[in-house]
Amino acid sequence: MNLEFFIAKRLIKGKEHKSSISAPIIKIAIVAIALGVIMMLIAIATGVGLKHKIREKVAAFNGHIQIYNYDNNTSDVSVVPVSLEQEFYPEFKDIDGISHVQAVASKGGIIRTEDTFEGIIAKGVGKDYDWKAFKDYLVTGTLPNYTGELNDEVLISQILATRLQLKTGDSFFTFFLKDDDPSQIPNQRKFKIVGVYDSGFEEFDSNYIFIDLRHIQRMNKWESNQAGNFEVLLHNFDDIDQKTKEIYGKTLSNLDTQNIKDKYYKIFEWIGLFDFNIALIIGIMVIVGGINMITALLVLILERTQMIGILKALGSSNWSIRKVFLYNATYLIGVGLFWGNLLGLGLLMAQEKYRMFKFPNPQEYYIEYIPVHLDVVTVLTLNIGVLFLCLLMLLIPSYIITKISPVKAIKFE
């Protein structure tokens with residue numbers, strides 16, 4: 001039998017423990033640990049959740065990695081086409097971790113109604129386009145269907161629909177300048193709104209409409225096997241830098257690659273600060289919880305001074321006695337972790353399901369509600385880390401046991 005564990009267990013379950021002087025201090029320490037775990041779980045879940053949502057929205061409009069002709073410009077409008085006859089299209093077989101490759105093109109234009117007009121970027125997509133993200137953003141209507149013959153179906157944002165006073169089922173004219181000679185009469189196309197989306201990302205929503213890729217091919221006088229660029233979607237966003245290098249090495253010399261981290265570096269620099277904030281909160285909470293546990297441990301040692309003296313007189317080593325109190329502290333930390341996880345995870349699951357808490361200024365965070373994202377590995381790592389760091393902090397105050405004299409301890413009152 002583990003003697004130290006047995007003694008610690010008796011101390012924890014003893015009736016005198018519940019009515020002792022240290023009881024309220026121990027309860028405060030447990031509450032501090034629980035509140036710390038709740039705050040850490042919320043910080044991690046909301047910080048990571050917001051990062052994932054913003055990354056998903058940027059990728060929904062651009063893919064994770066773009067492949068385009070070196071002669072193209074740096075704007076959002078396609079100028080020089082790239083051939084669809086590539087080894088990596090429609091499936092990138094040479095590189096693992098790629099989920100989808102799609103051909104797109106973009107063209108600037110102006111939507112004109114009887115009362116107003118708006119400048120837009122028409123994104124041409126084909127039958128290979130992945131609409132998965134926009135299924136969640138769809139407000140009214142349906143997604144366009146470009147698998148058949150060329151049609152005039154268009155997906156427009158809620159922002160543009162409101163500004164232009166349009167709704168699902170309405171038609172409108174769009175004018176596109178001719179790239180070869182802007183002074184000529186612009187191309188005119190009539191589109192019918194089949195769906196309205198709202199991603200919450202105003203930077204994109206206020207500009208993008210989605211049309212059939214073949215319209216842009218015809219207006220730009222491209223061949224049917226040409227597009228503006230390719231968008232590559234990855235299984236794991238964390239691999240984006242490595243996959244960008246691999247894709248660049250596997251494509252032809254006249255093609256360049258760029259990922260959304262480089263294209264929208266300001267956005268990703270901003271969300272990169274979330275990691276620092278999360279680490280700061282975790283550090284503060286661990287320190288606060290550790291200090292409370294140190295206080296509780298010192299009170300426990302003071303309260304059990306006579307017991308320490310008796311154990312030393314019976315031949316127990318200093319480390320053996322320290323282990324008794326460390327076992328006791330581990331139990332108290334475990335209680336705090338249990339209640340912290342129960343309340344914290346319960347609150348996060350409720351937020352994920354019911355979206356109770358919302359941002360006061362959604363446009364600043366590109367999302368209306370506070371998103372959460374948490375996985376089992378993160379929760380286990382957090383709990384193990386908190387337990388380990390707290391016990392590590394308790395090793396120093398437990399050293400005071402080595403300075404206690406058996407004779408003075410037994411006489412201590």
# chains A, B, ... in the order shown; residues from 1 in each chain; ligands from 1
>>> residues_around(residues="A:Lys57", least_positions_apart="5", cutoff="12 Å", atoms="only C-alpha atoms", output="ChimeraX atom specification")
/A:50-52,62-64,132-134,136-137,198-205,260,267,365-367
>>> residues_around(residues="A:Leu177", least_positions_apart="4", cutoff="9 Å", atoms="only C-alpha atoms", output="ChimeraX atom specification")
/A:107-109,181-188
>>> write_last_selection(atoms="C-alpha atoms", output="PDB file, in the first residue's frame")
ATOM      1  CA  LYS A 107     -14.302  40.685 -64.029  1.00  0.00           C
ATOM      2  CA  GLY A 108     -15.154  44.160 -62.822  1.00  0.00           C
ATOM      3  CA  GLY A 109     -18.534  45.621 -63.691  1.00  0.00           C
ATOM      4  CA  ASP A 181     -10.580  48.811 -75.737  1.00  0.00           C
ATOM      5  CA  PRO A 182     -12.333  50.411 -72.728  1.00  0.00           C
ATOM      6  CA  SER A 183     -13.556  53.280 -74.926  1.00  0.00           C
ATOM      7  CA  GLN A 184     -15.909  50.954 -76.809  1.00  0.00           C
ATOM      8  CA  ILE A 185     -19.482  50.290 -75.746  1.00  0.00           C
ATOM      9  CA  PRO A 186     -19.314  47.984 -72.723  1.00  0.00           C
ATOM     10  CA  ASN A 187     -20.620  44.450 -72.684  1.00  0.00           C
ATOM     11  CA  GLN A 188     -24.095  44.197 -71.241  1.00  0.00           C
TER      12      GLN A 188
END
>>> residues_around(residues="A:Phe388", least_positions_apart="3", cutoff="12 Å", atoms="only C-alpha atoms", output="PyMOL selection string")
chain A and resi 286+290+326+329-330+333-334+381-385+391-395
>>> write_last_selection(atoms="all heavy atoms", output="compact mmCIF listing (two decimals), in the first residue's frame")
# COMPACT_ATOMS: atom_id res chain seq x y z
N VAL A 286 -3.26 30.45 -14.70
CA VAL A 286 -2.43 29.43 -14.04
C VAL A 286 -1.72 30.04 -12.83
O VAL A 286 -1.65 29.42 -11.76
CB VAL A 286 -1.41 28.83 -15.02
CG1 VAL A 286 -0.38 27.99 -14.28
CG2 VAL A 286 -2.12 27.98 -16.07
N GLY A 290 -2.38 28.90 -9.16
CA GLY A 290 -1.23 28.37 -8.43
C GLY A 290 -1.00 29.09 -7.11
O GLY A 290 -0.71 28.46 -6.09
N LEU A 326 1.26 16.86 -1.25
CA LEU A 326 1.11 17.00 -2.70
C LEU A 326 -0.04 16.15 -3.22
O LEU A 326 -0.77 16.56 -4.14
CB LEU A 326 2.42 16.62 -3.39
CG LEU A 326 3.59 17.60 -3.21
CD1 LEU A 326 4.86 17.06 -3.84
CD2 LEU A 326 3.24 18.96 -3.81
N ALA A 329 -3.04 18.12 -2.36
CA ALA A 329 -3.21 19.24 -3.28
C ALA A 329 -3.70 18.77 -4.65
O ALA A 329 -4.51 19.44 -5.30
CB ALA A 329 -1.88 19.98 -3.42
N THR A 330 -3.21 17.61 -5.09
CA THR A 330 -3.65 17.06 -6.37
C THR A 330 -5.15 16.80 -6.36
O THR A 330 -5.84 17.07 -7.36
CB THR A 330 -2.91 15.75 -6.68
OG1 THR A 330 -1.51 15.98 -6.69
CG2 THR A 330 -3.34 15.18 -8.03
N ILE A 333 -6.89 20.20 -6.63
CA ILE A 333 -6.80 20.70 -8.00
C ILE A 333 -7.74 19.92 -8.91
O ILE A 333 -8.40 20.48 -9.78
CB ILE A 333 -5.34 20.61 -8.52
CG1 ILE A 333 -4.42 21.51 -7.70
CG2 ILE A 333 -5.27 20.98 -10.00
CD1 ILE A 333 -2.95 21.31 -8.00
N GLY A 334 -7.82 18.61 -8.69
CA GLY A 334 -8.71 17.77 -9.49
C GLY A 334 -10.17 18.16 -9.33
O GLY A 334 -10.92 18.18 -10.31
N THR A 381 -5.07 18.34 -22.99
CA THR A 381 -3.78 19.02 -22.85
C THR A 381 -3.86 20.15 -21.85
O THR A 381 -2.95 20.34 -21.03
CB THR A 381 -3.31 19.56 -24.22
OG1 THR A 381 -3.26 18.49 -25.17
CG2 THR A 381 -1.94 20.20 -24.10
N LEU A 382 -4.94 20.91 -21.92
CA LEU A 382 -5.13 22.03 -20.98
C LEU A 382 -5.20 21.53 -19.54
O LEU A 382 -4.53 22.07 -18.64
CB LEU A 382 -6.40 22.80 -21.33
CG LEU A 382 -6.77 23.95 -20.39
CD1 LEU A 382 -5.72 25.04 -20.45
CD2 LEU A 382 -8.14 24.51 -20.72
N ASN A 383 -5.99 20.48 -19.29
CA ASN A 383 -6.14 19.96 -17.94
C ASN A 383 -4.84 19.37 -17.40
O ASN A 383 -4.47 19.62 -16.24
CB ASN A 383 -7.24 18.89 -17.92
CG ASN A 383 -8.64 19.50 -17.91
OD1 ASN A 383 -9.20 19.77 -16.86
ND2 ASN A 383 -9.19 19.72 -19.09
N ILE A 384 -4.16 18.60 -18.23
CA ILE A 384 -2.89 18.02 -17.80
C ILE A 384 -1.86 19.12 -17.53
O ILE A 384 -1.10 19.07 -16.56
CB ILE A 384 -2.37 17.03 -18.86
CG1 ILE A 384 -3.31 15.81 -18.95
CG2 ILE A 384 -0.95 16.56 -18.52
CD1 ILE A 384 -3.00 14.88 -20.11
N GLY A 385 -1.85 20.13 -18.41
CA GLY A 385 -0.92 21.24 -18.24
C GLY A 385 -1.16 22.02 -16.97
O GLY A 385 -0.22 22.37 -16.25
N LEU A 391 1.16 21.73 -9.63
CA LEU A 391 1.97 20.87 -8.75
C LEU A 391 3.43 21.29 -8.76
O LEU A 391 4.12 21.22 -7.72
CB LEU A 391 1.85 19.41 -9.20
CG LEU A 391 0.50 18.73 -8.92
CD1 LEU A 391 0.48 17.33 -9.51
CD2 LEU A 391 0.23 18.69 -7.42
N LEU A 392 3.91 21.75 -9.91
CA LEU A 392 5.28 22.23 -9.99
C LEU A 392 5.48 23.45 -9.10
O LEU A 392 6.51 23.59 -8.43
CB LEU A 392 5.62 22.57 -11.45
CG LEU A 392 7.10 22.75 -11.80
CD1 LEU A 392 7.86 21.45 -11.60
CD2 LEU A 392 7.25 23.25 -13.24
N MET A 393 4.48 24.32 -9.10
CA MET A 393 4.54 25.51 -8.25
C MET A 393 4.46 25.15 -6.77
O MET A 393 4.99 25.86 -5.91
CB MET A 393 3.40 26.47 -8.61
CG MET A 393 3.54 27.08 -10.00
SD MET A 393 2.06 28.01 -10.51
CE MET A 393 2.11 29.38 -9.37
N LEU A 394 3.80 24.02 -6.46
CA LEU A 394 3.62 23.62 -5.06
C LEU A 394 4.86 22.93 -4.49
O LEU A 394 4.95 22.74 -3.27
CB LEU A 394 2.42 22.69 -4.93
CG LEU A 394 1.05 23.33 -5.20
CD1 LEU A 394 -0.05 22.29 -5.11
CD2 LEU A 394 0.76 24.47 -4.25
N LEU A 395 5.79 22.52 -5.34
CA LEU A 395 7.01 21.86 -4.85
C LEU A 395 7.83 22.80 -3.98
O LEU A 395 8.44 22.38 -2.99
CB LEU A 395 7.86 21.38 -6.03
CG LEU A 395 7.34 20.15 -6.79
CD1 LEU A 395 8.22 19.87 -7.99
CD2 LEU A 395 7.29 18.93 -5.86
>>> residues_around(residues="stretch 256-259 of chain A", least_positions_apart="4", cutoff="6 Å", atoms="only C-alpha atoms", output="PyMOL selection string")
chain A and resi 64-68+70+248
>>> select_by_dssp(residues="stretch 283-361 of chain A", states="alpha helix (DSSP H)", output="MDAnalysis selection string")
chainID A and resid 283:303 305:313 318:354
>>> closest_residue(among="A:Asp94, A:Asp76, A:Glu364, A:Asp130", to="A:Leu233", atoms="only C-alpha atoms")
A:Asp130
>>> residues_around(residues="A:Leu160", least_positions_apart="5", cutoff="8 Å", atoms="only C-alpha atoms", output="count of residues only")
4
>>> atom_distance(atom1="atom CA of A:Ala59", atom2="atom CA of A:Gln217")
23.4 Å
>>> closest_residue(among="A:Glu352, A:Ile287, A:Ile33, A:Glu87", to="A:Gly340", atoms="only C-alpha atoms")
A:Ile33
>>> atom_distance(atom1="atom CA of A:Ile310", atom2="atom CA of A:Leu297")
18.9 Å
>>> decode(residues="stretch 123-137 of chain A", atoms="all heavy atoms", output="short mmCIF file (atom, residue, chain, number, x, y, z; two decimals), in the first residue's frame")
data_model
loop_
_atom_site.label_atom_id
_atom_site.label_comp_id
_atom_site.auth_asym_id
_atom_site.auth_seq_id
_atom_site.Cartn_x
_atom_site.Cartn_y
_atom_site.Cartn_z
N LYS A 123 -17.63 37.15 -60.14
CA LYS A 123 -16.77 35.97 -60.09
C LYS A 123 -17.41 34.86 -60.89
O LYS A 123 -18.50 34.37 -60.55
CB LYS A 123 -16.55 35.53 -58.64
CG LYS A 123 -15.62 34.34 -58.52
CD LYS A 123 -15.18 34.11 -57.10
CE LYS A 123 -14.18 32.97 -57.00
NZ LYS A 123 -13.64 32.77 -55.65
N GLY A 124 -16.74 34.47 -61.95
CA GLY A 124 -17.26 33.41 -62.79
C GLY A 124 -16.82 32.04 -62.28
O GLY A 124 -15.63 31.81 -62.07
N VAL A 125 -17.79 31.18 -62.06
CA VAL A 125 -17.50 29.83 -61.57
C VAL A 125 -18.18 28.81 -62.48
O VAL A 125 -19.17 29.13 -63.15
CB VAL A 125 -17.97 29.65 -60.11
CG1 VAL A 125 -17.29 30.66 -59.20
CG2 VAL A 125 -19.48 29.80 -59.99
N GLY A 126 -17.66 27.61 -62.46
CA GLY A 126 -18.19 26.57 -63.33
C GLY A 126 -18.83 25.44 -62.57
O GLY A 126 -19.12 25.54 -61.37
N LYS A 127 -19.02 24.34 -63.26
CA LYS A 127 -19.69 23.19 -62.66
C LYS A 127 -18.83 22.51 -61.60
O LYS A 127 -19.32 21.71 -60.81
CB LYS A 127 -20.09 22.18 -63.74
CG LYS A 127 -18.92 21.64 -64.56
CD LYS A 127 -19.40 20.71 -65.64
CE LYS A 127 -18.23 20.19 -66.48
NZ LYS A 127 -18.69 19.28 -67.57
N ASP A 128 -17.51 22.83 -61.59
CA ASP A 128 -16.62 22.22 -60.62
C ASP A 128 -16.52 23.02 -59.31
O ASP A 128 -15.77 22.64 -58.41
CB ASP A 128 -15.22 22.07 -61.22
CG ASP A 128 -14.59 23.42 -61.57
OD1 ASP A 128 -15.34 24.42 -61.62
OD2 ASP A 128 -13.37 23.47 -61.79
N TYR A 129 -17.26 24.12 -59.22
CA TYR A 129 -17.12 25.00 -58.05
C TYR A 129 -17.70 24.35 -56.80
O TYR A 129 -18.78 23.75 -56.84
CB TYR A 129 -17.81 26.34 -58.31
CG TYR A 129 -17.45 27.40 -57.29
CD1 TYR A 129 -16.20 27.99 -57.32
CD2 TYR A 129 -18.34 27.80 -56.32
CE1 TYR A 129 -15.85 28.97 -56.41
CE2 TYR A 129 -18.01 28.77 -55.38
CZ TYR A 129 -16.76 29.35 -55.44
OH TYR A 129 -16.41 30.32 -54.51
N ASP A 130 -16.99 24.49 -55.69
CA ASP A 130 -17.42 23.93 -54.40
C ASP A 130 -18.27 24.97 -53.66
O ASP A 130 -17.75 25.96 -53.16
CB ASP A 130 -16.19 23.55 -53.57
CG ASP A 130 -16.56 22.84 -52.27
OD1 ASP A 130 -17.78 22.67 -52.02
OD2 ASP A 130 -15.65 22.46 -51.51
N TRP A 131 -19.58 24.72 -53.58
CA TRP A 131 -20.53 25.67 -52.95
C TRP A 131 -20.74 25.37 -51.47
O TRP A 131 -21.61 25.99 -50.84
CB TRP A 131 -21.88 25.60 -53.66
CG TRP A 131 -21.90 26.13 -55.05
CD1 TRP A 131 -21.92 25.41 -56.20
CD2 TRP A 131 -21.91 27.51 -55.45
NE1 TRP A 131 -21.93 26.24 -57.29
CE2 TRP A 131 -21.95 27.54 -56.86
CE3 TRP A 131 -21.91 28.72 -54.74
CZ2 TRP A 131 -21.97 28.73 -57.58
CZ3 TRP A 131 -21.93 29.90 -55.47
CH2 TRP A 131 -21.96 29.91 -56.86
N LYS A 132 -19.98 24.47 -50.91
CA LYS A 132 -20.25 24.01 -49.54
C LYS A 132 -20.34 25.16 -48.55
O LYS A 132 -21.25 25.21 -47.72
CB LYS A 132 -19.18 23.01 -49.10
CG LYS A 132 -19.39 22.43 -47.72
CD LYS A 132 -18.45 21.27 -47.46
CE LYS A 132 -17.00 21.69 -47.56
NZ LYS A 132 -16.06 20.57 -47.26
N ALA A 133 -19.39 26.10 -48.59
CA ALA A 133 -19.39 27.21 -47.63
C ALA A 133 -20.61 28.10 -47.81
O ALA A 133 -21.20 28.58 -46.83
CB ALA A 133 -18.11 28.03 -47.79
N PHE A 134 -21.04 28.31 -49.05
CA PHE A 134 -22.14 29.22 -49.31
C PHE A 134 -23.51 28.63 -48.96
O PHE A 134 -24.49 29.36 -48.90
CB PHE A 134 -22.11 29.69 -50.77
CG PHE A 134 -21.05 30.71 -51.04
CD1 PHE A 134 -19.78 30.32 -51.43
CD2 PHE A 134 -21.28 32.06 -50.85
CE1 PHE A 134 -18.78 31.25 -51.66
CE2 PHE A 134 -20.30 33.00 -51.06
CZ PHE A 134 -19.04 32.60 -51.47
N LYS A 135 -23.56 27.34 -48.73
CA LYS A 135 -24.80 26.75 -48.25
C LYS A 135 -25.15 27.29 -46.87
O LYS A 135 -26.32 27.47 -46.54
CB LYS A 135 -24.67 25.22 -48.20
CG LYS A 135 -24.63 24.56 -49.58
CD LYS A 135 -24.47 23.05 -49.46
CE LYS A 135 -24.40 22.41 -50.84
NZ LYS A 135 -24.21 20.93 -50.76
N ASP A 136 -24.12 27.56 -46.06
CA ASP A 136 -24.34 28.13 -44.74
C ASP A 136 -24.63 29.62 -44.79
O ASP A 136 -25.26 30.18 -43.90
CB ASP A 136 -23.12 27.89 -43.84
CG ASP A 136 -22.86 26.41 -43.60
OD1 ASP A 136 -23.83 25.63 -43.59
OD2 ASP A 136 -21.67 26.03 -43.43
N TYR A 137 -24.14 30.29 -45.84
CA TYR A 137 -24.32 31.74 -45.95
C TYR A 137 -25.62 32.12 -46.66
O TYR A 137 -26.00 33.30 -46.66
CB TYR A 137 -23.15 32.37 -46.73
CG TYR A 137 -21.79 32.08 -46.16
CD1 TYR A 137 -20.66 32.05 -46.99
CD2 TYR A 137 -21.60 31.83 -44.80
CE1 TYR A 137 -19.40 31.79 -46.47
CE2 TYR A 137 -20.35 31.55 -44.28
CZ TYR A 137 -19.25 31.53 -45.12
OH TYR A 137 -18.00 31.27 -44.62
#
